[in-house]
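Student: Here you go, this is model01.cif (mmCIF, C-alpha atoms and all ligand atoms).
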data_work
loop_
_atom_site.label_atom_id
_atom_site.label_comp_id
_atom_site.auth_asym_id
_atom_site.auth_seq_id
_atom_site.Cartn_x
_atom_site.Cartn_y
_atom_site.Cartn_z
CA MET A 1 115.58 57.64 -3.96
CA ASN A 2 113.89 57.01 -0.67
CA ILE A 3 112.07 59.64 1.33
CA ILE A 4 114.84 60.23 3.86
CA SER A 5 117.55 60.80 1.29
CA HIS A 6 115.17 63.05 -0.63
CA ARG A 7 114.59 65.18 2.46
CA LEU A 8 118.29 65.38 3.14
CA LEU A 9 118.94 66.32 -0.44
CA THR A 10 116.32 69.05 -0.24
CA PHE A 11 117.95 70.39 2.89
CA ILE A 12 121.40 70.24 1.39
CA LEU A 13 120.17 72.09 -1.69
CA ILE A 14 118.61 74.81 0.43
CA THR A 15 121.74 75.07 2.55
CA CYS A 16 124.07 75.10 -0.41
CA SER A 17 122.06 77.71 -2.25
CA LEU A 18 122.25 79.95 0.80
CA TRP A 19 125.94 79.29 1.26
CA LEU A 20 127.03 79.74 -2.31
CA VAL A 21 127.70 83.36 -1.51
CA ILE A 22 130.26 82.61 1.18
CA PRO A 23 133.41 82.37 -0.95
CA SER A 24 132.60 85.58 -2.77
CA VAL A 25 131.77 87.37 0.48
CA SER A 26 135.03 86.39 2.12
CA LEU A 27 136.84 87.62 -0.94
CA ALA A 28 134.85 90.84 -1.06
CA ASP A 29 137.11 93.62 -2.21
CA ALA A 30 136.97 97.22 -3.18
CA GLU A 31 135.17 96.44 -6.41
CA HIS A 32 131.80 95.75 -4.92
CA ASP A 33 129.89 95.43 -1.71
CA HIS A 34 127.92 92.22 -1.39
CA SER A 35 125.84 93.52 1.46
CA HIS A 36 123.58 95.29 -0.97
CA GLN A 37 123.70 92.80 -3.80
CA HIS A 38 122.19 89.57 -2.60
CA GLY A 39 120.87 90.40 0.83
CA ALA A 40 122.90 87.47 2.13
CA HIS A 41 125.49 89.38 4.11
CA VAL A 42 123.61 91.95 6.14
CA HIS A 43 125.06 93.06 9.44
CA GLY A 44 122.71 92.18 12.29
CA VAL A 45 121.03 89.39 10.31
CA GLY A 46 121.75 85.66 10.50
CA VAL A 47 120.38 82.67 8.64
CA LEU A 48 119.52 79.50 10.50
CA ASN A 49 118.41 76.32 8.76
CA TRP A 50 117.32 73.28 10.65
CA ILE A 51 116.03 69.90 9.70
CA MET A 52 114.56 67.14 11.78
CA ASP A 53 114.47 63.71 10.25
CA GLY A 54 113.64 60.89 12.62
CA GLU A 55 116.03 61.11 15.54
CA ILE A 56 118.43 63.47 13.84
CA VAL A 57 118.28 67.25 14.15
CA GLN A 58 120.67 69.32 12.08
CA ILE A 59 121.09 73.01 12.69
CA SER A 60 123.22 75.31 10.59
CA LEU A 61 123.91 78.97 11.19
CA GLN A 62 125.37 81.46 8.77
CA SER A 63 126.18 84.94 9.99
CA PRO A 64 128.32 87.94 9.24
CA ALA A 65 131.23 87.74 11.69
CA ILE A 66 130.42 91.15 13.08
CA ASN A 67 127.23 89.85 14.71
CA MET A 68 129.20 87.53 16.97
CA LEU A 69 132.67 89.02 16.94
CA GLY A 70 132.19 92.74 16.64
CA PHE A 71 134.50 93.06 13.64
CA GLU A 72 135.21 91.32 10.33
CA HIS A 73 138.96 91.65 9.84
CA ALA A 74 141.72 89.30 10.96
CA PRO A 75 142.50 89.97 14.63
CA SER A 76 145.30 92.49 14.89
CA SER A 77 145.56 92.93 18.66
CA GLU A 78 145.49 90.77 21.76
CA ASP A 79 142.09 92.19 22.56
CA GLU A 80 140.65 91.15 19.20
CA LEU A 81 142.27 87.76 19.53
CA GLN A 82 140.51 87.32 22.85
CA HIS A 83 137.21 88.21 21.20
CA LEU A 84 137.81 85.55 18.57
CA ARG A 85 138.65 82.89 21.16
CA LEU A 86 135.57 83.78 23.18
CA MET A 87 133.33 83.62 20.11
CA LEU A 88 134.66 80.17 19.18
CA ASP A 89 134.23 78.98 22.78
CA ASN A 90 130.66 80.24 22.79
CA LEU A 91 129.86 78.55 19.48
CA ASN A 92 131.09 75.27 20.96
CA ASP A 93 129.06 75.67 24.15
CA MET A 94 125.62 74.25 23.38
CA ALA A 95 124.04 75.90 26.41
CA LYS A 96 124.76 79.22 24.72
CA ILE A 97 123.43 78.20 21.32
CA VAL A 98 120.30 76.08 21.67
CA GLN A 99 118.10 74.68 24.40
CA PHE A 100 115.87 71.70 23.67
CA THR A 101 112.68 71.04 25.58
CA GLY A 102 111.89 67.34 25.53
CA GLY A 103 113.26 64.80 23.11
CA GLU A 104 116.40 63.84 25.02
CA CYS A 105 118.66 65.32 22.38
CA GLU A 106 122.43 65.12 22.50
CA LEU A 107 125.07 66.75 20.35
CA LEU A 108 126.66 64.31 17.90
CA SER A 109 128.98 66.65 16.07
CA SER A 110 129.68 70.30 15.37
CA ASN A 111 131.66 72.18 12.78
CA ILE A 112 132.57 75.85 13.15
CA THR A 113 134.29 77.66 10.31
CA ASN A 114 136.72 80.35 11.28
CA PRO A 115 137.31 82.72 8.36
CA PHE A 116 140.54 84.01 9.81
CA LYS A 117 142.83 81.37 8.44
CA LYS A 118 145.82 81.26 10.70
CA THR A 119 143.53 80.97 13.64
CA LEU A 120 144.44 82.43 16.94
CA GLN A 121 147.70 83.90 15.73
CA LEU A 122 148.16 87.59 15.37
CA ASP A 123 148.41 88.74 11.80
CA ASN A 124 150.31 91.99 11.61
CA HIS A 125 150.33 92.16 7.86
CA GLU A 126 147.92 94.82 6.75
CA GLU A 127 146.79 94.19 3.23
CA GLY A 128 145.09 96.61 0.95
CA SER A 129 144.16 100.15 1.73
CA SER A 130 142.44 101.15 4.91
CA ASN A 131 139.42 102.19 2.86
CA GLN A 132 138.86 98.66 1.66
CA VAL A 133 135.58 97.12 2.74
CA ILE A 134 136.17 93.70 4.23
CA HIS A 135 133.45 91.24 5.11
CA ALA A 136 133.68 87.84 6.73
CA GLU A 137 131.16 85.12 7.43
CA ILE A 138 131.00 82.55 10.19
CA THR A 139 129.19 79.28 9.76
CA ALA A 140 128.35 76.78 12.45
CA GLU A 141 126.78 73.37 11.90
CA TYR A 142 125.47 71.10 14.61
CA GLN A 143 124.02 67.61 14.49
CA PHE A 144 121.99 66.21 17.34
CA GLN A 145 120.43 62.85 18.04
CA CYS A 146 117.18 62.73 19.95
CA GLN A 147 116.24 59.54 21.82
CA GLN A 148 112.59 60.63 22.04
CA PRO A 149 112.08 62.67 18.86
CA SER A 150 108.28 62.73 19.16
CA GLN A 151 108.67 64.36 22.58
CA LEU A 152 110.75 67.26 21.31
CA LYS A 153 108.57 70.31 21.92
CA THR A 154 110.69 73.37 21.28
CA ILE A 155 114.18 74.52 20.37
CA ASN A 156 115.10 77.78 22.03
CA ILE A 157 117.64 79.69 19.96
CA LYS A 158 119.91 81.45 22.43
CA LEU A 159 122.08 83.34 19.98
CA PHE A 160 120.43 86.65 20.84
CA ASP A 161 121.47 86.30 24.48
CA THR A 162 124.97 85.06 23.72
CA PHE A 163 125.91 87.50 20.98
CA SER A 164 124.96 91.14 21.04
CA GLY A 165 125.06 91.73 17.30
CA PHE A 166 121.98 89.83 16.15
CA GLU A 167 118.92 91.86 15.32
CA ARG A 168 117.17 89.18 13.31
CA ILE A 169 117.66 85.56 12.30
CA ASP A 170 115.85 84.19 9.28
CA SER A 171 115.00 80.57 9.94
CA GLN A 172 113.96 77.87 7.50
CA TRP A 173 113.10 74.37 8.54
CA ILE A 174 112.09 70.94 7.37
CA VAL A 175 110.50 68.73 10.01
CA ASP A 176 109.53 65.24 8.97
CA GLY A 177 109.15 66.40 5.38
CA LYS A 178 107.19 69.60 6.06
CA GLN A 179 108.83 72.91 5.29
CA GLY A 180 108.39 76.29 6.85
CA GLY A 181 110.11 79.42 7.95
CA ALA A 182 110.11 82.05 10.64
CA THR A 183 111.85 85.28 11.51
CA LEU A 184 113.44 85.23 14.95
CA ASN A 185 114.35 88.22 17.08
CA HIS A 186 115.09 89.14 20.70
CA HIS A 187 111.47 88.66 21.66
CA SER A 188 110.63 85.63 19.58
CA HIS A 189 113.27 82.91 19.34
CA LEU A 190 111.45 79.72 20.22
CA LEU A 191 111.11 77.16 17.43
CA LYS A 192 108.08 74.94 17.95
CA VAL A 193 108.67 71.38 16.82
CA HIS A 194 105.68 69.31 17.89
ZN ZN A 201 130.23 92.52 6.77
#
Rewrite the structure from the file as structure tokens, please.
Tutor:
Amino acid sequence: MNIISHRLLTFILITCSLWLVIPSVSLADAEHDHSHQHGAHVHGVGVLNWIMDGEIVQISLQSPAINMLGFEHAPSSEDELQHLRLMLDNLNDMAKIVQFTGGECELLSSNITNPFKKTLQLDNHEEGSSNQVIHAEITAEYQFQCQQPSQLKTINIKLFDTFSGFERIDSQWIVDGKQGGATLNHHSHLLKVH
């Protein structure tokens, strides 16, 4: 295994271990509340992993839907549907997600998961009792290519400005094989690269 594939594997393992909770969270039912079990689904808190390997920067965000949407149930009104559309638009608008300084980085691909299956259609079927605790997670993955990777100075995470529900984002990174982590908040959301 060469160094690059080893780094990618490490990143994938970290990402997967953090994301293993997603299916169980989205299926959370009256039996238990995941928010207090694993610390993975905490309202106000997001997880952001990023890796830089040569010219490629990958950023992945995992967050309770409430941080970006304001609720975690399937939209049941036009107003909630509008919120969902706006959130998806924002997640696809790079200027509202990240800002690179230096590096000449361009978005290669993005992948946003919408937990509300029949997207953008009203679901009038209420399931379960009104006392049921429902949680939903949103994940967003972005891949960038930087023409001048050694010139990339900082990545400004703009999620706090774009979405009102974030209090904290736990960030882990691997840059050219070195690992680290940081806690981001409204006052400190600049990732230093070089
Ligand atoms: Zn929740």
Student: What are the closest atom pairs, with distances in Å to one decimal, for each residue of chain A lying within 8 Å of ligand ZN 201 (chain A), using all atoms listed in the file, rows by chain and rising residue number, as JSON lines?
Tutor:
{"residue": "A:Ser35", "atom": "CA", "partner": "A:ZN201", "partner_atom": "ZN", "distance": 7.0}
{"residue": "A:His41", "atom": "CA", "partner": "A:ZN201", "partner_atom": "ZN", "distance": 6.3}
{"residue": "A:Val42", "atom": "CA", "partner": "A:ZN201", "partner_atom": "ZN", "distance": 6.7}
{"residue": "A:His43", "atom": "CA", "partner": "A:ZN201", "partner_atom": "ZN", "distance": 5.8}
{"residue": "A:Pro64", "atom": "CA", "partner": "A:ZN201", "partner_atom": "ZN", "distance": 5.5}
{"residue": "A:Ala65", "atom": "CA", "partner": "A:ZN201", "partner_atom": "ZN", "distance": 6.9}
{"residue": "A:Ile66", "atom": "CA", "partner": "A:ZN201", "partner_atom": "ZN", "distance": 6.5}
{"residue": "A:Glu72", "atom": "CA", "partner": "A:ZN201", "partner_atom": "ZN", "distance": 6.2}
{"residue": "A:Ile134", "atom": "CA", "partner": "A:ZN201", "partner_atom": "ZN", "distance": 6.6}
{"residue": "A:His135", "atom": "CA", "partner": "A:ZN201", "partner_atom": "ZN", "distance": 3.8}
{"residue": "A:Ala136", "atom": "CA", "partner": "A:ZN201", "partner_atom": "ZN", "distance": 5.8}
{"residue": "A:Glu137", "atom": "CA", "partner": "A:ZN201", "partner_atom": "ZN", "distance": 7.5}
Student: Could you give me, as a PyMOL selection string, the residues within 9 Å of Gln62 in chain A, counting only C-alpha atoms and dropping anything in the same chain fewer than 5 positions from it?
Tutor: chain A and resi 18-19+46-49+137-141
Student: May I have the residues at most 9 Å from (121.1, 85.3, 21.5) in the file's coordinates, counting only C-alpha atoms, as a PyMOL selection string?
Tutor: chain A and resi 96-97+157-166+185-186+189
Student: With only C-alpha atoms as the counted atoms, please give the residues lying no more than 9 Å from Lys153 in chain A, apart from itself and same-chain residues fewer than 3 positions off, as a PDB file with C-alpha atoms, keeping the file's coordinate frame.
Tutor:
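Written output follows (result-v5.pdb):
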ATOM      1  CA  PHE A 100     115.870  71.700  23.670  1.00  0.00           C
ATOM      2  CA  THR A 101     112.680  71.040  25.580  1.00  0.00           C
ATOM      3  CA  GLY A 102     111.890  67.340  25.530  1.00  0.00           C
ATOM      4  CA  GLY A 103     113.260  64.800  23.110  1.00  0.00           C
ATOM      5  CA  PRO A 149     112.080  62.670  18.860  1.00  0.00           C
ATOM      6  CA  SER A 150     108.280  62.730  19.160  1.00  0.00           C
ATOM      7  CA  LEU A 191     111.110  77.160  17.430  1.00  0.00           C
ATOM      8  CA  LYS A 192     108.080  74.940  17.950  1.00  0.00           C
ATOM      9  CA  VAL A 193     108.670  71.380  16.820  1.00  0.00           C
ATOM     10  CA  HIS A 194     105.680  69.310  17.890  1.00  0.00           C
TER      11      HIS A 194
END
Student: Have a look at CA of Met94 in chain A and CA of Tyr142 in chain A and let me know their distance in Å, one decimal.
Tutor: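 Between CA of Met94 in chain A and CA of Tyr142 in chain A the gap is 9.3 Å.
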Student: CA of Trp50 in chain A and CA of Gly181 in chain A, how far apart in Å?
Tutor: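 Going from CA of Gly181 in chain A over to CA of Trp50 in chain A covers 9.8 Å.
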Student: Which one of A:Val175, A:Leu61, A:Val98, A:Leu69 sits closest to Leu84 in chain A if you count all atoms listed in the file?
Tutor: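 Checking each candidate against Leu84 in chain A, we get A:Leu69 as the closest.
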Student: Can you tell me, as a list in words, what residues are no more than 7 Å from Thr183 in chain A when counting all atoms listed in the file, ignoring any on the same chain fewer than 2 positions away?
Tutor: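 Here the qualifying residues turn out to be Arg168, Ile169, Asp170, Ser171 and Asn185 of chain A.
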Student: Which one is closest to Asn67 in chain A: A:Ile155, A:Glu167, A:Asn90, A:His83? Count all atoms listed in the file.
Tutor: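 Using all atoms listed in the file, Asn67 in chain A sits closest to A:Glu167.
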Student: Measure the distance from CA of Ile51 in chain A to CA of Ile174 in chain A in Å and round it to one decimal.
Tutor: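 So the answer is 4.7 Å.
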Student: Here is a test: counting only C-alpha atoms, which residue of A:Ser76, A:Gln99, A:Gln82, A:Gln147 is nearest to Glu55 in chain A?
Tutor: A:Gln147
Student: My list of candidates is A:Ser77, A:Asn156, A:Ser60, A:Gln151. Which is closest to Ser109 in chain A when distances are computed with all atoms listed in the file?
Tutor: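 Among the listed residues, the smallest separation from Ser109 in chain A belongs to A:Ser60.
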Student: Return the single residue from A:Glu78, A:Met52, A:His73, A:Val57 that is closest to Ser110 in chain A, with distances computed using only C-alpha atoms.
Tutor: A:Val57
Student: Report, as AutoDock Vina command-line options, the axis-aligned box around all atoms of range 148-154 of chain A present in the file, extended by 3 Å on each side; give centre and edge lengths in Å to one decimal place.
Tutor:
--center_x 110.4 --center_y 67.0 --center_z 20.7 --size_x 10.3 --size_y 18.7 --size_z 9.7
Student: Which one of A:Leu107, A:Ala74, A:Leu86, A:Val45 sits closest to Phe144 in chain A if you count only C-alpha atoms?
Tutor: A:Leu107
Student: May I have the residues within 12 Å of Arg85 in chain A as a PyMOL selection string, using all atoms listed in the file and disregarding those fewer than 4 positions away in the same chain?
Tutor: chain A and resi 68-69+75+78-81+89-92+114+116+119-121
Student: Complete the atoms of range 87-115 of chain A to N, CA and C atoms and put them out as a PDB file, keeping the file's coordinate frame.
Tutor:
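Full text of rebuild_24.pdb as output:
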ATOM      1  N   MET A  87     134.401  83.957  21.050  1.00  0.00           N
ATOM      2  CA  MET A  87     133.330  83.620  20.110  1.00  0.00           C
ATOM      3  C   MET A  87     133.356  82.137  19.771  1.00  0.00           C
ATOM      4  N   LEU A  88     134.556  81.594  19.517  1.00  0.00           N
ATOM      5  CA  LEU A  88     134.660  80.170  19.180  1.00  0.00           C
ATOM      6  C   LEU A  88     134.250  79.308  20.365  1.00  0.00           C
ATOM      7  N   ASP A  89     134.652  79.719  21.565  1.00  0.00           N
ATOM      8  CA  ASP A  89     134.230  78.980  22.780  1.00  0.00           C
ATOM      9  C   ASP A  89     132.712  78.980  22.898  1.00  0.00           C
ATOM     10  N   ASN A  90     132.118  80.144  22.676  1.00  0.00           N
ATOM     11  CA  ASN A  90     130.660  80.240  22.790  1.00  0.00           C
ATOM     12  C   ASN A  90     129.953  79.360  21.755  1.00  0.00           C
ATOM     13  N   LEU A  91     130.496  79.349  20.538  1.00  0.00           N
ATOM     14  CA  LEU A  91     129.860  78.550  19.480  1.00  0.00           C
ATOM     15  C   LEU A  91     129.990  77.046  19.744  1.00  0.00           C
ATOM     16  N   ASN A  92     130.931  76.688  20.607  1.00  0.00           N
ATOM     17  CA  ASN A  92     131.090  75.270  20.960  1.00  0.00           C
ATOM     18  C   ASN A  92     130.415  74.928  22.280  1.00  0.00           C
ATOM     19  N   ASP A  93     129.755  75.886  22.875  1.00  0.00           N
ATOM     20  CA  ASP A  93     129.060  75.670  24.150  1.00  0.00           C
ATOM     21  C   ASP A  93     127.552  75.630  23.869  1.00  0.00           C
ATOM     22  N   MET A  94     127.015  74.402  23.810  1.00  0.00           N
ATOM     23  CA  MET A  94     125.620  74.250  23.380  1.00  0.00           C
ATOM     24  C   MET A  94     124.634  75.023  24.244  1.00  0.00           C
ATOM     25  N   ALA A  95     124.950  75.175  25.524  1.00  0.00           N
ATOM     26  CA  ALA A  95     124.040  75.900  26.410  1.00  0.00           C
ATOM     27  C   ALA A  95     123.873  77.349  25.963  1.00  0.00           C
ATOM     28  N   LYS A  96     124.828  77.831  25.186  1.00  0.00           N
ATOM     29  CA  LYS A  96     124.760  79.220  24.720  1.00  0.00           C
ATOM     30  C   LYS A  96     124.209  79.337  23.303  1.00  0.00           C
ATOM     31  N   ILE A  97     123.902  78.195  22.706  1.00  0.00           N
ATOM     32  CA  ILE A  97     123.430  78.200  21.320  1.00  0.00           C
ATOM     33  C   ILE A  97     121.971  77.767  21.226  1.00  0.00           C
ATOM     34  N   VAL A  98     121.667  76.594  21.740  1.00  0.00           N
ATOM     35  CA  VAL A  98     120.300  76.080  21.670  1.00  0.00           C
ATOM     36  C   VAL A  98     119.908  75.395  22.978  1.00  0.00           C
ATOM     37  N   GLN A  99     118.619  75.396  23.236  1.00  0.00           N
ATOM     38  CA  GLN A  99     118.100  74.680  24.400  1.00  0.00           C
ATOM     39  C   GLN A  99     116.884  73.879  23.938  1.00  0.00           C
ATOM     40  N   PHE A 100     116.971  72.576  24.078  1.00  0.00           N
ATOM     41  CA  PHE A 100     115.870  71.700  23.670  1.00  0.00           C
ATOM     42  C   PHE A 100     114.940  71.475  24.849  1.00  0.00           C
ATOM     43  N   THR A 101     113.654  71.453  24.567  1.00  0.00           N
ATOM     44  CA  THR A 101     112.680  71.040  25.580  1.00  0.00           C
ATOM     45  C   THR A 101     112.079  69.726  25.135  1.00  0.00           C
ATOM     46  N   GLY A 102     112.351  68.669  25.915  1.00  0.00           N
ATOM     47  CA  GLY A 102     111.890  67.340  25.530  1.00  0.00           C
ATOM     48  C   GLY A 102     112.797  66.728  24.485  1.00  0.00           C
ATOM     49  N   GLY A 103     112.553  65.451  24.196  1.00  0.00           N
ATOM     50  CA  GLY A 103     113.260  64.800  23.110  1.00  0.00           C
ATOM     51  C   GLY A 103     114.534  64.079  23.465  1.00  0.00           C
ATOM     52  N   GLU A 104     115.128  64.455  24.606  1.00  0.00           N
ATOM     53  CA  GLU A 104     116.400  63.840  25.020  1.00  0.00           C
ATOM     54  C   GLU A 104     117.438  63.908  23.896  1.00  0.00           C
ATOM     55  N   CYS A 105     117.739  65.115  23.500  1.00  0.00           N
ATOM     56  CA  CYS A 105     118.660  65.320  22.380  1.00  0.00           C
ATOM     57  C   CYS A 105     120.080  65.570  22.863  1.00  0.00           C
ATOM     58  N   GLU A 106     121.015  64.941  22.169  1.00  0.00           N
ATOM     59  CA  GLU A 106     122.430  65.120  22.500  1.00  0.00           C
ATOM     60  C   GLU A 106     123.205  65.510  21.249  1.00  0.00           C
ATOM     61  N   LEU A 107     124.224  66.319  21.466  1.00  0.00           N
ATOM     62  CA  LEU A 107     125.070  66.750  20.350  1.00  0.00           C
ATOM     63  C   LEU A 107     125.899  65.572  19.837  1.00  0.00           C
ATOM     64  N   LEU A 108     125.827  65.342  18.522  1.00  0.00           N
ATOM     65  CA  LEU A 108     126.660  64.310  17.900  1.00  0.00           C
ATOM     66  C   LEU A 108     127.942  64.905  17.353  1.00  0.00           C
ATOM     67  N   SER A 109     127.800  66.043  16.671  1.00  0.00           N
ATOM     68  CA  SER A 109     128.980  66.650  16.070  1.00  0.00           C
ATOM     69  C   SER A 109     128.731  68.137  15.822  1.00  0.00           C
ATOM     70  N   SER A 110     129.802  68.880  15.709  1.00  0.00           N
ATOM     71  CA  SER A 110     129.680  70.300  15.370  1.00  0.00           C
ATOM     72  C   SER A 110     130.844  70.680  14.473  1.00  0.00           C
ATOM     73  N   ASN A 111     130.623  71.715  13.696  1.00  0.00           N
ATOM     74  CA  ASN A 111     131.660  72.180  12.780  1.00  0.00           C
ATOM     75  C   ASN A 111     131.561  73.707  12.666  1.00  0.00           C
ATOM     76  N   ILE A 112     132.555  74.385  13.195  1.00  0.00           N
ATOM     77  CA  ILE A 112     132.570  75.850  13.150  1.00  0.00           C
ATOM     78  C   ILE A 112     133.638  76.274  12.157  1.00  0.00           C
ATOM     79  N   THR A 113     133.276  77.153  11.232  1.00  0.00           N
ATOM     80  CA  THR A 113     134.290  77.660  10.310  1.00  0.00           C
ATOM     81  C   THR A 113     134.775  79.010  10.795  1.00  0.00           C
ATOM     82  N   ASN A 114     136.078  79.105  10.864  1.00  0.00           N
ATOM     83  CA  ASN A 114     136.720  80.350  11.280  1.00  0.00           C
ATOM     84  C   ASN A 114     137.333  80.992  10.036  1.00  0.00           C
ATOM     85  N   PRO A 115     136.841  82.135   9.620  1.00  0.00           N
ATOM     86  CA  PRO A 115     137.310  82.720   8.360  1.00  0.00           C
ATOM     87  C   PRO A 115     138.715  83.304   8.451  1.00  0.00           C
TER      88      PRO A 115
END
